[in-house]
Amino acid sequence: MGKERILRPIKRIHGGMFLPHLKNTADTESVVMPPPNEVRIPMLQHIGAPAEPAVKVGDKVFVGTLIGKAAGRVSASVHSSVSGTVKAIEQITSGGRDIACAVIESDGLMEKDPSLKPFTVQTAEDIAAAAAECGLVGLGGAGFPTSVKLSVKDSNIDTLIINGAECEPYITSDYRECIENYNDVINGVYLLKEKLGVKRVIICIESNKEKAITKLYTVATDERDTDDTVKLMQLPTSYPQGAEKVIIYSATGRFVPAGKLPSDVGCIVMNITSVATLYRFISTGMPLVSKRITVDGTAVKEPKNVIVPIGTKISDLLDFAGGIKDDAAEIIMGGPMMGVDVCDKDAVIEKRNNAVTVMSERVKEPETGPCIHCGRCAGVCPMKLYPSMVDAALNHGAFDKLKNMNINYCMECGSCSFVCPAKRPLTQVMRLAKSELRRKA
């Protein structure tokens, strides 16, 4: 591969696990789903404040039409994913909050909004403005508005980390983005490098993604990298290698304290699909209106990656993808480790979603037993926490002890629950403990 050196991690995380990859769709080209009869687009698909509806019932909309305007600094605009007519503006409950949801009846034509045009970018401020106009949020799952991330005016920001780890089982949406839209990735990387003025760009990917490594290697060797500051880093194939704090530690050796952001340690982290999406918006004017969703799991008949209009019902997506097996028992929005159970197949695809995983019913549900003090949960925790001790303190109401256990470092990756031989729900325990401490405060 020439003289360019592929970097190894600066630091190795504590713990972590080697999970089965189950990347069944890695070599399957994505298919485009036709528009459903109706989409339901929530005004809140991100961390922060919901957008304010910018359309009313009866309005004609096109693909890319603004239907929700960002409200406040930590918010993101929302756009129509189909052409058609606004059928209703409903109130729904999401995450314990009442938010508006635009119901759009599709005309099946998928006509683009005629007002869309390329976005002119000359400065770092323009990059942040482009992310805001695009309605871009973190596409790796967190959903933090990208415009806020890119609006940091701090001379200490010296490193841009491109996250292509994708360490959860089954999910291959970012991998396919790299394979199918490589030009958008490489052009996005060099546009960000130039306009943000960072001293180095580190593209991080796990070692098991050989085809993507070959593609991304050419990014680091591109003739535009005149100062040799764009590097490819090959990470160990372990979970949760793609978590933001973990990947920063691996790539730079810097530790992000609890309650702090990557910018506080001089880093900006962007998901690889986010980079490509931002470049596409800048070059075409088309905002974020669709997502590549990996449809897989033990109960999926035909695993595949599907490019889906945002606001599509899960039931419509699963029907298009070939359906699910009779023994399907659990639908997860996301992957099996950090995904969320979906109780209603009428739930819709949002910007921050990257997978729908459908699992078969277990032959026998595991029975929860008492803690045997084996320490495995502490051994795999990338944040060096002791989930079993948190469990004991919570059960005994010892909130003073909880305060000293640094539980806000927990990223809820699920590793502790996965390895526990007693099958204790330790991830839920950590989530509850954080909630209780907030309530007590």
# chains A, B, ... in the order shown; residues from 1 in each chain; ligands from 1
>>> residues_around(residues="Met17 of chain A", least_positions_apart="6", cutoff="8 Å", atoms="only C-alpha atoms", output="count of residues only")
5
>>> select_by_dssp(residues="segment 121-193 of chain A", states="helix (DSSP H, G or I)", output="ChimeraX atom specification")
/A:124-134,146-150,173-180,182-193
>>> closest_residue(among="A:Lys291, A:Lys69, A:Lys209, A:His46", to="Ala165 of chain A", atoms="only C-alpha atoms")
A:Lys209
>>> atom_distance(atom1="atom CA of Ile179 of chain A", atom2="atom CA of Ala212 of chain A")
6.3 Å
>>> residues_around(residues="Lys440 of chain A", least_positions_apart="5", cutoff="12 Å", atoms="only C-alpha atoms", output="list in words")
Gly397, Ala398, Phe399, Asp400, Leu402, Lys403, Ala433, Lys434 and Ser435 of chain A
>>> closest_residue(among="A:Arg280, A:Lys215, A:Lys313, A:Arg376", to="Arg40 of chain A", atoms="only C-alpha atoms")
A:Lys313
>>> select_by_dssp(residues="segment 184-401 of chain A", states="strand (DSSP E or B)", output="ChimeraX atom specification")
/A:200-206,230-235,239,267-271,290-296,300,304-309,313,324,328-333,340-341,348,355-360
